[in-house]
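Trainee: Coordinates in upload-v2.pdb, PDB, C-alpha atoms and all ligand atoms, are listed below.
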ATOM      1  CA  MET A   1      23.980 -19.753  -7.596  1.00  0.00           C
ATOM      2  CA  THR A   2      24.263 -17.663 -10.783  1.00  0.00           C
ATOM      3  CA  GLN A   3      27.354 -17.580 -12.978  1.00  0.00           C
ATOM      4  CA  GLN A   4      27.846 -13.895 -11.989  1.00  0.00           C
ATOM      5  CA  HIS A   5      27.767 -14.838  -8.328  1.00  0.00           C
ATOM      6  CA  LYS A   6      30.406 -17.516  -8.911  1.00  0.00           C
ATOM      7  CA  MET A   7      32.629 -15.068 -10.829  1.00  0.00           C
ATOM      8  CA  TYR A   8      32.229 -12.488  -8.052  1.00  0.00           C
ATOM      9  CA  TYR A   9      33.294 -15.024  -5.418  1.00  0.00           C
ATOM     10  CA  LYS A  10      36.215 -16.305  -7.501  1.00  0.00           C
ATOM     11  CA  LYS A  11      37.664 -12.857  -8.200  1.00  0.00           C
ATOM     12  CA  ARG A  12      37.414 -11.818  -4.558  1.00  0.00           C
ATOM     13  CA  GLY A  13      38.723 -15.245  -3.498  1.00  0.00           C
ATOM     14  CA  GLU A  14      41.854 -14.787  -5.601  1.00  0.00           C
ATOM     15  CA  ILE A  15      42.510 -11.387  -4.018  1.00  0.00           C
ATOM     16  CA  LEU A  16      41.969 -12.804  -0.551  1.00  0.00           C
ATOM     17  CA  VAL A  17      44.313 -15.781  -1.130  1.00  0.00           C
ATOM     18  CA  LYS A  18      47.089 -13.363  -2.137  1.00  0.00           C
ATOM     19  CA  ASN A  19      46.494 -11.191   0.918  1.00  0.00           C
ATOM     20  CA  LEU A  20      46.365 -14.173   3.302  1.00  0.00           C
ATOM     21  CA  VAL A  21      49.654 -15.507   1.914  1.00  0.00           C
ATOM     22  CA  SER A  22      51.221 -12.057   2.419  1.00  0.00           C
ATOM     23  CA  ARG A  23      50.334 -12.487   6.124  1.00  0.00           C
ATOM     24  CA  HIS A  24      52.109 -15.899   6.199  1.00  0.00           C
ATOM     25  CA  PHE A  25      48.938 -18.005   6.171  1.00  0.00           C
ATOM     26  CA  GLU A  26      48.611 -20.806   3.635  1.00  0.00           C
ATOM     27  CA  ALA A  27      45.506 -20.289   1.492  1.00  0.00           C
ATOM     28  CA  TYR A  28      43.637 -22.008  -1.324  1.00  0.00           C
ATOM     29  CA  TYR A  29      40.520 -21.147  -3.289  1.00  0.00           C
ATOM     30  CA  CYS A  30      38.133 -23.925  -4.346  1.00  0.00           C
ATOM     31  CA  ASP A  31      35.115 -23.327  -6.583  1.00  0.00           C
ATOM     32  CA  THR A  32      32.969 -26.032  -5.018  1.00  0.00           C
ATOM     33  CA  LYS A  33      32.415 -28.000  -1.816  1.00  0.00           C
ATOM     34  CA  THR A  34      33.680 -31.145  -3.584  1.00  0.00           C
ATOM     35  CA  GLU A  35      36.988 -29.486  -4.510  1.00  0.00           C
ATOM     36  CA  ALA A  36      37.298 -28.119  -0.981  1.00  0.00           C
ATOM     37  CA  LEU A  37      36.884 -31.603   0.505  1.00  0.00           C
ATOM     38  CA  GLU A  38      39.613 -32.968  -1.795  1.00  0.00           C
ATOM     39  CA  LYS A  39      41.981 -30.147  -0.855  1.00  0.00           C
ATOM     40  CA  ALA A  40      41.324 -30.594   2.876  1.00  0.00           C
ATOM     41  CA  LEU A  41      42.032 -34.343   2.695  1.00  0.00           C
ATOM     42  CA  GLU A  42      45.229 -33.566   0.789  1.00  0.00           C
ATOM     43  CA  LEU A  43      46.366 -31.202   3.571  1.00  0.00           C
ATOM     44  CA  ILE A  44      45.538 -33.466   6.540  1.00  0.00           C
ATOM     45  CA  PRO A  45      48.138 -36.225   7.061  1.00  0.00           C
ATOM     46  CA  LYS A  46      46.818 -39.782   7.410  1.00  0.00           C
ATOM     47  CA  GLY A  47      46.838 -40.917  11.042  1.00  0.00           C
ATOM     48  CA  ALA A  48      46.687 -37.332  12.368  1.00  0.00           C
ATOM     49  CA  SER A  49      44.716 -36.490  15.498  1.00  0.00           C
ATOM     50  CA  ILE A  50      42.019 -33.951  14.653  1.00  0.00           C
ATOM     51  CA  GLY A  51      39.740 -31.876  16.805  1.00  0.00           C
ATOM     52  CA  TRP A  52      37.244 -29.217  15.791  1.00  0.00           C
ATOM     53  CA  GLY A  53      35.081 -26.411  17.069  1.00  0.00           C
ATOM     54  CA  GLY A  54      32.728 -23.991  15.341  1.00  0.00           C
ATOM     55  CA  ALA A  55      33.251 -25.995  12.170  1.00  0.00           C
ATOM     56  CA  MET A  56      29.835 -25.968  10.484  1.00  0.00           C
ATOM     57  CA  SER A  57      31.456 -25.359   7.088  1.00  0.00           C
ATOM     58  CA  ALA A  58      33.726 -28.403   7.540  1.00  0.00           C
ATOM     59  CA  HIS A  59      30.582 -30.446   8.199  1.00  0.00           C
ATOM     60  CA  GLN A  60      28.892 -28.966   5.120  1.00  0.00           C
ATOM     61  CA  ILE A  61      31.699 -29.964   2.735  1.00  0.00           C
ATOM     62  CA  GLY A  62      31.617 -33.536   4.139  1.00  0.00           C
ATOM     63  CA  LEU A  63      34.994 -33.291   5.870  1.00  0.00           C
ATOM     64  CA  VAL A  64      33.920 -34.336   9.363  1.00  0.00           C
ATOM     65  CA  GLU A  65      32.173 -37.407   7.947  1.00  0.00           C
ATOM     66  CA  ALA A  66      35.263 -38.298   5.881  1.00  0.00           C
ATOM     67  CA  LEU A  67      37.571 -37.935   8.896  1.00  0.00           C
ATOM     68  CA  ASN A  68      35.335 -40.091  11.074  1.00  0.00           C
ATOM     69  CA  ALA A  69      35.282 -42.767   8.371  1.00  0.00           C
ATOM     70  CA  GLY A  70      38.981 -42.584   7.436  1.00  0.00           C
ATOM     71  CA  ASN A  71      42.368 -43.424   8.893  1.00  0.00           C
ATOM     72  CA  TYR A  72      42.483 -40.526  11.377  1.00  0.00           C
ATOM     73  CA  HIS A  73      42.165 -40.064  15.107  1.00  0.00           C
ATOM     74  CA  ALA A  74      39.052 -37.895  15.147  1.00  0.00           C
ATOM     75  CA  ILE A  75      38.231 -36.220  18.466  1.00  0.00           C
ATOM     76  CA  ASP A  76      34.478 -35.902  18.019  1.00  0.00           C
ATOM     77  CA  ARG A  77      32.692 -34.121  20.867  1.00  0.00           C
ATOM     78  CA  ASP A  78      29.323 -35.029  19.340  1.00  0.00           C
ATOM     79  CA  LYS A  79      30.038 -38.672  20.156  1.00  0.00           C
ATOM     80  CA  CYS A  80      30.658 -37.908  23.838  1.00  0.00           C
ATOM     81  CA  THR A  81      27.842 -38.956  26.123  1.00  0.00           C
ATOM     82  CA  THR A  82      28.679 -36.966  29.271  1.00  0.00           C
ATOM     83  CA  GLN A  83      29.716 -33.371  29.981  1.00  0.00           C
ATOM     84  CA  GLU A  84      32.996 -34.657  31.398  1.00  0.00           C
ATOM     85  CA  GLU A  85      33.787 -36.486  28.161  1.00  0.00           C
ATOM     86  CA  LYS A  86      32.945 -33.350  26.158  1.00  0.00           C
ATOM     87  CA  LEU A  87      35.252 -31.256  28.323  1.00  0.00           C
ATOM     88  CA  GLN A  88      38.057 -33.795  27.949  1.00  0.00           C
ATOM     89  CA  ALA A  89      37.564 -33.856  24.150  1.00  0.00           C
ATOM     90  CA  ALA A  90      37.824 -30.042  24.048  1.00  0.00           C
ATOM     91  CA  LYS A  91      41.057 -30.251  26.061  1.00  0.00           C
ATOM     92  CA  ASP A  92      42.437 -33.052  23.852  1.00  0.00           C
ATOM     93  CA  SER A  93      41.707 -30.904  20.786  1.00  0.00           C
ATOM     94  CA  MET A  94      44.127 -28.306  22.177  1.00  0.00           C
ATOM     95  CA  PHE A  95      46.950 -30.803  21.625  1.00  0.00           C
ATOM     96  CA  ALA A  96      45.720 -32.250  18.322  1.00  0.00           C
ATOM     97  CA  ASP A  97      47.820 -32.372  15.169  1.00  0.00           C
ATOM     98  CA  VAL A  98      45.085 -30.488  13.324  1.00  0.00           C
ATOM     99  CA  PHE A  99      42.241 -28.248  14.544  1.00  0.00           C
ATOM    100  CA  LEU A 100      39.354 -27.591  12.175  1.00  0.00           C
ATOM    101  CA  THR A 101      37.295 -24.454  12.440  1.00  0.00           C
ATOM    102  CA  GLY A 102      35.469 -21.786  10.477  1.00  0.00           C
ATOM    103  CA  ALA A 103      35.524 -17.990  10.293  1.00  0.00           C
ATOM    104  CA  ASN A 104      32.784 -15.699  11.535  1.00  0.00           C
ATOM    105  CA  ALA A 105      34.108 -13.125   9.075  1.00  0.00           C
ATOM    106  CA  LEU A 106      37.138 -12.368   6.911  1.00  0.00           C
ATOM    107  CA  SER A 107      38.282  -9.031   5.596  1.00  0.00           C
ATOM    108  CA  LEU A 108      39.359  -8.878   1.970  1.00  0.00           C
ATOM    109  CA  ASP A 109      42.836  -7.840   3.072  1.00  0.00           C
ATOM    110  CA  GLY A 110      43.253 -11.085   5.038  1.00  0.00           C
ATOM    111  CA  GLU A 111      42.218 -10.665   8.677  1.00  0.00           C
ATOM    112  CA  MET A 112      39.906 -13.178  10.349  1.00  0.00           C
ATOM    113  CA  VAL A 113      37.377 -12.436  13.102  1.00  0.00           C
ATOM    114  CA  ASN A 114      35.972 -15.137  15.392  1.00  0.00           C
ATOM    115  CA  ILE A 115      33.644 -14.835  18.363  1.00  0.00           C
ATOM    116  CA  ASP A 116      33.501 -17.471  21.066  1.00  0.00           C
ATOM    117  CA  GLY A 117      31.404 -18.252  24.119  1.00  0.00           C
ATOM    118  CA  THR A 118      33.501 -20.776  26.050  1.00  0.00           C
ATOM    119  CA  GLY A 119      36.796 -19.860  24.420  1.00  0.00           C
ATOM    120  CA  ASN A 120      38.079 -23.292  23.375  1.00  0.00           C
ATOM    121  CA  ARG A 121      37.803 -22.443  19.684  1.00  0.00           C
ATOM    122  CA  VAL A 122      39.648 -19.141  19.773  1.00  0.00           C
ATOM    123  CA  ALA A 123      42.225 -20.612  22.178  1.00  0.00           C
ATOM    124  CA  ALA A 124      43.008 -23.410  19.692  1.00  0.00           C
ATOM    125  CA  ILE A 125      43.306 -20.924  16.828  1.00  0.00           C
ATOM    126  CA  VAL A 126      45.814 -18.876  18.815  1.00  0.00           C
ATOM    127  CA  TYR A 127      48.017 -21.632  20.236  1.00  0.00           C
ATOM    128  CA  GLY A 128      48.208 -25.385  20.752  1.00  0.00           C
ATOM    129  CA  PRO A 129      47.339 -27.563  17.761  1.00  0.00           C
ATOM    130  CA  LYS A 130      50.207 -27.981  15.290  1.00  0.00           C
ATOM    131  CA  GLN A 131      47.982 -26.869  12.437  1.00  0.00           C
ATOM    132  CA  VAL A 132      44.695 -25.021  12.148  1.00  0.00           C
ATOM    133  CA  LEU A 133      42.549 -25.570   9.061  1.00  0.00           C
ATOM    134  CA  VAL A 134      39.880 -22.952   8.411  1.00  0.00           C
ATOM    135  CA  ILE A 135      37.092 -23.805   5.956  1.00  0.00           C
ATOM    136  CA  ALA A 136      35.200 -20.667   4.959  1.00  0.00           C
ATOM    137  CA  GLY A 137      32.527 -19.925   2.367  1.00  0.00           C
ATOM    138  CA  MET A 138      32.988 -16.689   0.422  1.00  0.00           C
ATOM    139  CA  ASN A 139      29.778 -15.365   2.028  1.00  0.00           C
ATOM    140  CA  LYS A 140      32.002 -14.659   5.073  1.00  0.00           C
ATOM    141  CA  VAL A 141      34.192 -12.184   3.193  1.00  0.00           C
ATOM    142  CA  VAL A 142      33.619  -8.456   3.650  1.00  0.00           C
ATOM    143  CA  ASP A 143      35.685  -5.471   2.614  1.00  0.00           C
ATOM    144  CA  THR A 144      37.304  -4.195   5.810  1.00  0.00           C
ATOM    145  CA  LEU A 145      38.266  -5.365   9.291  1.00  0.00           C
ATOM    146  CA  GLU A 146      35.603  -3.052  10.721  1.00  0.00           C
ATOM    147  CA  ASP A 147      33.001  -4.731   8.478  1.00  0.00           C
ATOM    148  CA  ALA A 148      34.291  -8.132   9.620  1.00  0.00           C
ATOM    149  CA  VAL A 149      33.846  -7.300  13.314  1.00  0.00           C
ATOM    150  CA  THR A 150      30.369  -5.961  12.519  1.00  0.00           C
ATOM    151  CA  ARG A 151      29.472  -9.133  10.605  1.00  0.00           C
ATOM    152  CA  ALA A 152      30.708 -11.371  13.428  1.00  0.00           C
ATOM    153  CA  ARG A 153      28.796  -9.421  16.067  1.00  0.00           C
ATOM    154  CA  THR A 154      25.573  -8.551  14.253  1.00  0.00           C
ATOM    155  CA  VAL A 155      25.098 -11.435  11.808  1.00  0.00           C
ATOM    156  CA  ALA A 156      27.073 -14.550  12.847  1.00  0.00           C
ATOM    157  CA  ALA A 157      26.391 -14.378  16.598  1.00  0.00           C
ATOM    158  CA  PRO A 158      22.604 -13.700  16.418  1.00  0.00           C
ATOM    159  CA  MET A 159      22.307 -16.391  13.713  1.00  0.00           C
ATOM    160  CA  ASN A 160      24.150 -18.877  15.918  1.00  0.00           C
ATOM    161  CA  GLN A 161      21.731 -18.090  18.723  1.00  0.00           C
ATOM    162  CA  GLN A 162      18.906 -19.244  16.458  1.00  0.00           C
ATOM    163  CA  ARG A 163      20.564 -22.692  16.772  1.00  0.00           C
ATOM    164  CA  PHE A 164      21.462 -22.518  20.444  1.00  0.00           C
ATOM    165  CA  GLN A 165      18.247 -20.788  21.635  1.00  0.00           C
ATOM    166  CA  LEU A 166      19.944 -19.514  24.785  1.00  0.00           C
ATOM    167  CA  PRO A 167      18.176 -16.952  27.011  1.00  0.00           C
ATOM    168  CA  VAL A 168      19.737 -13.825  25.470  1.00  0.00           C
ATOM    169  CA  PRO A 169      18.093 -10.904  23.614  1.00  0.00           C
ATOM    170  CA  CYS A 170      19.210 -11.863  20.084  1.00  0.00           C
ATOM    171  CA  THR A 171      17.532 -15.276  20.333  1.00  0.00           C
ATOM    172  CA  THR A 172      14.202 -13.419  20.232  1.00  0.00           C
ATOM    173  CA  THR A 173      15.057 -10.369  18.155  1.00  0.00           C
ATOM    174  CA  ALA A 174      17.866 -11.678  15.864  1.00  0.00           C
ATOM    175  CA  THR A 175      19.594  -8.391  16.684  1.00  0.00           C
ATOM    176  CA  CYS A 176      22.582  -7.877  18.961  1.00  0.00           C
ATOM    177  CA  ALA A 177      21.768  -5.908  22.116  1.00  0.00           C
ATOM    178  CA  ASP A 178      25.384  -5.963  23.346  1.00  0.00           C
ATOM    179  CA  CYS A 179      24.119  -8.020  26.258  1.00  0.00           C
ATOM    180  CA  LYS A 180      25.866  -8.941  29.503  1.00  0.00           C
ATOM    181  CA  SER A 181      23.834 -12.099  29.937  1.00  0.00           C
ATOM    182  CA  GLU A 182      25.325 -15.109  31.689  1.00  0.00           C
ATOM    183  CA  SER A 183      24.491 -17.098  28.530  1.00  0.00           C
ATOM    184  CA  CYS A 184      26.151 -14.603  26.167  1.00  0.00           C
ATOM    185  CA  ILE A 185      28.163 -16.331  23.414  1.00  0.00           C
ATOM    186  CA  CYS A 186      30.158 -13.195  22.622  1.00  0.00           C
ATOM    187  CA  ASN A 187      32.738 -13.467  25.384  1.00  0.00           C
ATOM    188  CA  GLN A 188      35.906 -13.420  23.326  1.00  0.00           C
ATOM    189  CA  ILE A 189      36.427 -11.660  20.014  1.00  0.00           C
ATOM    190  CA  LEU A 190      39.589 -12.776  18.249  1.00  0.00           C
ATOM    191  CA  ILE A 191      41.257 -10.965  15.368  1.00  0.00           C
ATOM    192  CA  THR A 192      43.821 -13.155  13.630  1.00  0.00           C
ATOM    193  CA  ARG A 193      45.913 -10.794  11.525  1.00  0.00           C
ATOM    194  CA  HIS A 194      49.111 -12.753  10.920  1.00  0.00           C
ATOM    195  CA  CYS A 195      50.419 -16.312  11.187  1.00  0.00           C
ATOM    196  CA  ARG A 196      53.396 -17.596  13.129  1.00  0.00           C
ATOM    197  CA  PRO A 197      54.888 -20.129  12.563  1.00  0.00           C
ATOM    198  CA  VAL A 198      54.508 -19.522   8.836  1.00  0.00           C
ATOM    199  CA  GLY A 199      51.729 -21.688   7.375  1.00  0.00           C
ATOM    200  CA  ARG A 200      50.436 -23.009  10.730  1.00  0.00           C
ATOM    201  CA  ILE A 201      46.977 -21.656   9.871  1.00  0.00           C
ATOM    202  CA  LYS A 202      45.646 -22.789   6.508  1.00  0.00           C
ATOM    203  CA  PHE A 203      42.555 -21.474   4.754  1.00  0.00           C
ATOM    204  CA  ILE A 204      40.356 -23.227   2.249  1.00  0.00           C
ATOM    205  CA  LEU A 205      38.035 -20.626   0.776  1.00  0.00           C
ATOM    206  CA  VAL A 206      34.996 -22.065  -0.953  1.00  0.00           C
ATOM    207  CA  GLY A 207      33.098 -20.289  -3.732  1.00  0.00           C
ATOM    208  CA  GLU A 208      29.753 -21.187  -2.164  1.00  0.00           C
ATOM    209  CA  ASP A 209      27.707 -20.010   0.823  1.00  0.00           C
ATOM    210  CA  LEU A 210      28.676 -21.992   3.920  1.00  0.00           C
ATOM    211  CA  GLY A 211      28.085 -21.675   7.653  1.00  0.00           C
ATOM    212  CA  LEU A 212      26.415 -18.719   9.340  1.00  0.00           C
TER     213      LEU A 212
HETATM  214  S1  LIG B 301      26.236  -9.850  22.753  1.00  0.00           S
HETATM  215 FE1  LIG B 301      24.395 -10.937  23.487  1.00  0.00          FE
HETATM  216  S2  LIG B 301      22.709 -10.043  22.278  1.00  0.00           S
HETATM  217 FE2  LIG B 301      24.635  -9.584  21.218  1.00  0.00          FE
HETATM  218  S3  LIG B 301      24.874 -11.261  19.714  1.00  0.00           S
HETATM  219 FE3  LIG B 301      26.047 -11.790  21.575  1.00  0.00          FE
HETATM  220  S4  LIG B 301      24.624 -13.062  22.740  1.00  0.00           S
HETATM  221 FE4  LIG B 301      23.400 -11.935  21.260  1.00  0.00          FE
END
What does this structure look like when you write it as structure tokens?
Ligand code: SF4
Mentor:
Amino acid sequence: MTQQHKMYYKKRGEILVKNLVSRHFEAYYCDTKTEALEKALELIPKGASIGWGGAMSAHQIGLVEALNAGNYHAIDRDKCTTQEEKLQAAKDSMFADVFLTGANALSLDGEMVNIDGTGNRVAAIVYGPKQVLVIAGMNKVVDTLEDAVTRARTVAAPMNQQRFQLPVPCTTTATCADCKSESCICNQILITRHCRPVGRIKFILVGEDLGL
């Protein structure tokens, strides 16, 4: 990444932190993945129960690995061997001390957009876990809420389908066809515009490209 790119991300990150705080979120800007990992471990209490969903960025900064190795009760669906265990882990995450996730898009004035297929991720963002920690690369930040919805629907979702390879149009075309397929992953679209209780949702913005 060029120095100009880093400066661009930092300046926009500082604006976004201010705007998120004005909406009663807690927010931090970190220049690098390493700094972001340190900040996340500072925010998560030792011994806490932690679940996650749609948290590719948390994986990329090394947080999931650190939680699995540390003194935490990590609810890791990837370690489940049956569908029943996976379902139970998703339910347990709803009552966790901390829920880790990412953002499909963020507007510069501090609103987050997330799309979900099953709904467990957006449900946990809305209500349940005591705290929600969002790790987001600055590549997710766009100017307006309208741009954020567009990014979530036309970039993040078709990109995610390149991983999932479900039988929907965007798997083949990488372009959203606003489908009504049974395998559609765009079943809920959540806009998080404010935080109550104050500080329940915390953001760590990272001055690097993370996630999809
Ligand atoms: S609505 Fe359907 S076609 Fe559009 S991104 Fe979602 S899954 Fe793909």
Trainee: As a list of chain:residue names, please: every protein or nucleic acid residue near ligand LIG 301 (chain B) (cut-off 7 Å, counting all atoms listed in the file).
Mentor: A:Arg153, A:Thr154, A:Ala157, A:Pro158, A:Gln161, A:Val168, A:Pro169, A:Cys170, A:Thr171, A:Thr175, A:Cys176, A:Ala177, A:Asp178, A:Cys179, A:Lys180, A:Ser181, A:Cys184, A:Ile185, A:Cys186
Trainee: For the structure provided, state which residues fall under the PyMOL selection byres (((chain A and resi 46) around 7) and not hetatm), and present them as a ChimeraX atom specification.
Mentor: /A:44-45,47-48,71-72
Trainee: Have a look at A:Ala27, A:Leu210, A:Ala136, A:Thr118 and name the one nearest to Glu182 (chain A); count all atoms listed in the file.
Mentor: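 The shortest atom-to-atom distance to Glu182 (chain A) comes from A:Thr118.
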Trainee: Taking the file as I've supplied it (selection: the PyMOL selection byres (((chain A and resi 21) around 10) and not hetatm)), which residues are included? Please answer as a ChimeraX atom specification.
Mentor: /A:16-20,22-28,110,194-195,198-199,202-203
Trainee: Output C-alpha atoms for every residue in the selection just made, as an mmCIF file, keeping the file's coordinate frame.
Mentor:
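What follows is the written file again_27.cif:
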data_model
loop_
_atom_site.group_PDB
_atom_site.id
_atom_site.type_symbol
_atom_site.label_atom_id
_atom_site.label_comp_id
_atom_site.auth_asym_id
_atom_site.auth_seq_id
_atom_site.Cartn_x
_atom_site.Cartn_y
_atom_site.Cartn_z
ATOM 1 C CA LEU A 16 41.969 -12.804 -0.551
ATOM 2 C CA VAL A 17 44.313 -15.781 -1.130
ATOM 3 C CA LYS A 18 47.089 -13.363 -2.137
ATOM 4 C CA ASN A 19 46.494 -11.191 0.918
ATOM 5 C CA LEU A 20 46.365 -14.173 3.302
ATOM 6 C CA SER A 22 51.221 -12.057 2.419
ATOM 7 C CA ARG A 23 50.334 -12.487 6.124
ATOM 8 C CA HIS A 24 52.109 -15.899 6.199
ATOM 9 C CA PHE A 25 48.938 -18.005 6.171
ATOM 10 C CA GLU A 26 48.611 -20.806 3.635
ATOM 11 C CA ALA A 27 45.506 -20.289 1.492
ATOM 12 C CA TYR A 28 43.637 -22.008 -1.324
ATOM 13 C CA GLY A 110 43.253 -11.085 5.038
ATOM 14 C CA HIS A 194 49.111 -12.753 10.920
ATOM 15 C CA CYS A 195 50.419 -16.312 11.187
ATOM 16 C CA VAL A 198 54.508 -19.522 8.836
ATOM 17 C CA GLY A 199 51.729 -21.688 7.375
ATOM 18 C CA LYS A 202 45.646 -22.789 6.508
ATOM 19 C CA PHE A 203 42.555 -21.474 4.754
#
Trainee: When the PyMOL selection byres (((chain A and resi 131) around 8) and not hetatm) is applied to the file above, which residues end up in the set, as a VMD selection string?
Mentor: chain A and resid 97 to 99 129 to 130 132 to 133 200 to 202
Trainee: Tell me which protein, DNA and RNA residues are within 9 Å of Ile15 (chain A), counting only C-alpha atoms, leaving out same-chain ones fewer than 5 positions away, and put them as number ranges by chain.
Mentor: A: 10, 20, 108-109
Trainee: Restricting it to C-alpha atoms, dump the selection as a compact mmCIF listing (two decimals), in the coordinates of the input.
Mentor:
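Below is the file that was written, part-v2.txt:
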# COMPACT_ATOMS: atom_id res chain seq x y z
CA LYS A 10 36.22 -16.30 -7.50
CA LEU A 20 46.36 -14.17 3.30
CA LEU A 108 39.36 -8.88 1.97
CA ASP A 109 42.84 -7.84 3.07
Trainee: My list of candidates is A:Arg193, A:Arg77, A:His5, A:Lys33. Which is closest to Gly54 (chain A) when distances are computed with all atoms listed in the file?
Mentor: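 Among the listed residues, the smallest separation from Gly54 (chain A) belongs to A:Arg77.
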Trainee: Using only C-alpha atoms, which residue out of A:Ile189, A:Ala36, A:Cys30, A:Leu106 lies closest to Gly119 (chain A)?
Mentor: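 Closest residue, counting only C-alpha atoms: A:Ile189.
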Trainee: Record the distance separating CA of Ala89 (chain A) and CA of Asn68 (chain A), expressed in Å with one decimal.
Mentor: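 Separating CA of Ala89 (chain A) from CA of Asn68 (chain A) is a distance of 14.7 Å.
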Trainee: Given the choices A:Ala124, A:Ile135, A:Ala103, A:Val141, which gets closest to Lys11 (chain A) if the distance is worked out from only C-alpha atoms?
Mentor: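 Distance minimum relative to Lys11 (chain A) lands on A:Val141.
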Trainee: Between CA of Glu65 (chain A) and CA of Ser49 (chain A), measure the distance and give it in Å to one decimal.
Mentor: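 These atoms are spaced 14.7 Å apart.
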Trainee: Find the distance between CA of Gly70 (chain A) and CA of Arg163 (chain A) and write it in Å to one decimal.
Mentor: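 Between these atoms lies a distance of 28.7 Å.
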Trainee: Could you add N, CA and C atoms to region 1-18 of chain A and give me the result as a PDB file, keeping the file's coordinate frame?
Mentor:
ATOM      1  N   MET A   1      23.147 -20.966  -7.536  1.00  0.00           N
ATOM      2  CA  MET A   1      23.980 -19.753  -7.596  1.00  0.00           C
ATOM      3  C   MET A   1      24.219 -19.374  -9.070  1.00  0.00           C
ATOM      4  N   THR A   2      24.090 -18.084  -9.383  1.00  0.00           N
ATOM      5  CA  THR A   2      24.263 -17.663 -10.783  1.00  0.00           C
ATOM      6  C   THR A   2      25.745 -17.664 -11.165  1.00  0.00           C
ATOM      7  N   GLN A   3      25.987 -17.638 -12.472  1.00  0.00           N
ATOM      8  CA  GLN A   3      27.354 -17.580 -12.978  1.00  0.00           C
ATOM      9  C   GLN A   3      28.049 -16.292 -12.486  1.00  0.00           C
ATOM     10  N   GLN A   4      27.284 -15.184 -12.442  1.00  0.00           N
ATOM     11  CA  GLN A   4      27.846 -13.895 -11.989  1.00  0.00           C
ATOM     12  C   GLN A   4      28.276 -13.991 -10.529  1.00  0.00           C
ATOM     13  N   HIS A   5      27.461 -14.655  -9.750  1.00  0.00           N
ATOM     14  CA  HIS A   5      27.767 -14.838  -8.328  1.00  0.00           C
ATOM     15  C   HIS A   5      29.072 -15.624  -8.168  1.00  0.00           C
ATOM     16  N   LYS A   6      29.196 -16.680  -8.961  1.00  0.00           N
ATOM     17  CA  LYS A   6      30.406 -17.516  -8.911  1.00  0.00           C
ATOM     18  C   LYS A   6      31.643 -16.705  -9.308  1.00  0.00           C
ATOM     19  N   MET A   7      31.493 -15.885 -10.361  1.00  0.00           N
ATOM     20  CA  MET A   7      32.629 -15.068 -10.829  1.00  0.00           C
ATOM     21  C   MET A   7      33.016 -14.047  -9.758  1.00  0.00           C
ATOM     22  N   TYR A   8      32.006 -13.470  -9.127  1.00  0.00           N
ATOM     23  CA  TYR A   8      32.229 -12.488  -8.052  1.00  0.00           C
ATOM     24  C   TYR A   8      33.034 -13.132  -6.917  1.00  0.00           C
ATOM     25  N   TYR A   9      32.599 -14.326  -6.496  1.00  0.00           N
ATOM     26  CA  TYR A   9      33.294 -15.024  -5.418  1.00  0.00           C
ATOM     27  C   TYR A   9      34.720 -15.393  -5.830  1.00  0.00           C
ATOM     28  N   LYS A  10      34.883 -15.851  -7.057  1.00  0.00           N
ATOM     29  CA  LYS A  10      36.215 -16.305  -7.501  1.00  0.00           C
ATOM     30  C   LYS A  10      37.204 -15.135  -7.541  1.00  0.00           C
ATOM     31  N   LYS A  11      36.753 -14.010  -8.091  1.00  0.00           N
ATOM     32  CA  LYS A  11      37.664 -12.857  -8.200  1.00  0.00           C
ATOM     33  C   LYS A  11      38.059 -12.343  -6.817  1.00  0.00           C
ATOM     34  N   ARG A  12      37.090 -12.275  -5.926  1.00  0.00           N
ATOM     35  CA  ARG A  12      37.414 -11.818  -4.558  1.00  0.00           C
ATOM     36  C   ARG A  12      38.241 -12.888  -3.825  1.00  0.00           C
ATOM     37  N   GLY A  13      37.958 -14.159  -4.125  1.00  0.00           N
ATOM     38  CA  GLY A  13      38.723 -15.245  -3.498  1.00  0.00           C
ATOM     39  C   GLY A  13      40.191 -15.172  -3.884  1.00  0.00           C
ATOM     40  N   GLU A  14      40.457 -14.856  -5.149  1.00  0.00           N
ATOM     41  CA  GLU A  14      41.854 -14.787  -5.601  1.00  0.00           C
ATOM     42  C   GLU A  14      42.592 -13.629  -4.924  1.00  0.00           C
ATOM     43  N   ILE A  15      41.887 -12.530  -4.734  1.00  0.00           N
ATOM     44  CA  ILE A  15      42.510 -11.387  -4.018  1.00  0.00           C
ATOM     45  C   ILE A  15      42.799 -11.789  -2.581  1.00  0.00           C
ATOM     46  N   LEU A  16      41.823 -12.430  -1.960  1.00  0.00           N
ATOM     47  CA  LEU A  16      41.969 -12.804  -0.551  1.00  0.00           C
ATOM     48  C   LEU A  16      43.101 -13.820  -0.353  1.00  0.00           C
ATOM     49  N   VAL A  17      43.216 -14.794  -1.244  1.00  0.00           N
ATOM     50  CA  VAL A  17      44.313 -15.781  -1.130  1.00  0.00           C
ATOM     51  C   VAL A  17      45.656 -15.051  -1.120  1.00  0.00           C
ATOM     52  N   LYS A  18      45.822 -14.114  -2.045  1.00  0.00           N
ATOM     53  CA  LYS A  18      47.089 -13.363  -2.137  1.00  0.00           C
ATOM     54  C   LYS A  18      47.351 -12.604  -0.830  1.00  0.00           C
TER      55      LYS A  18
END
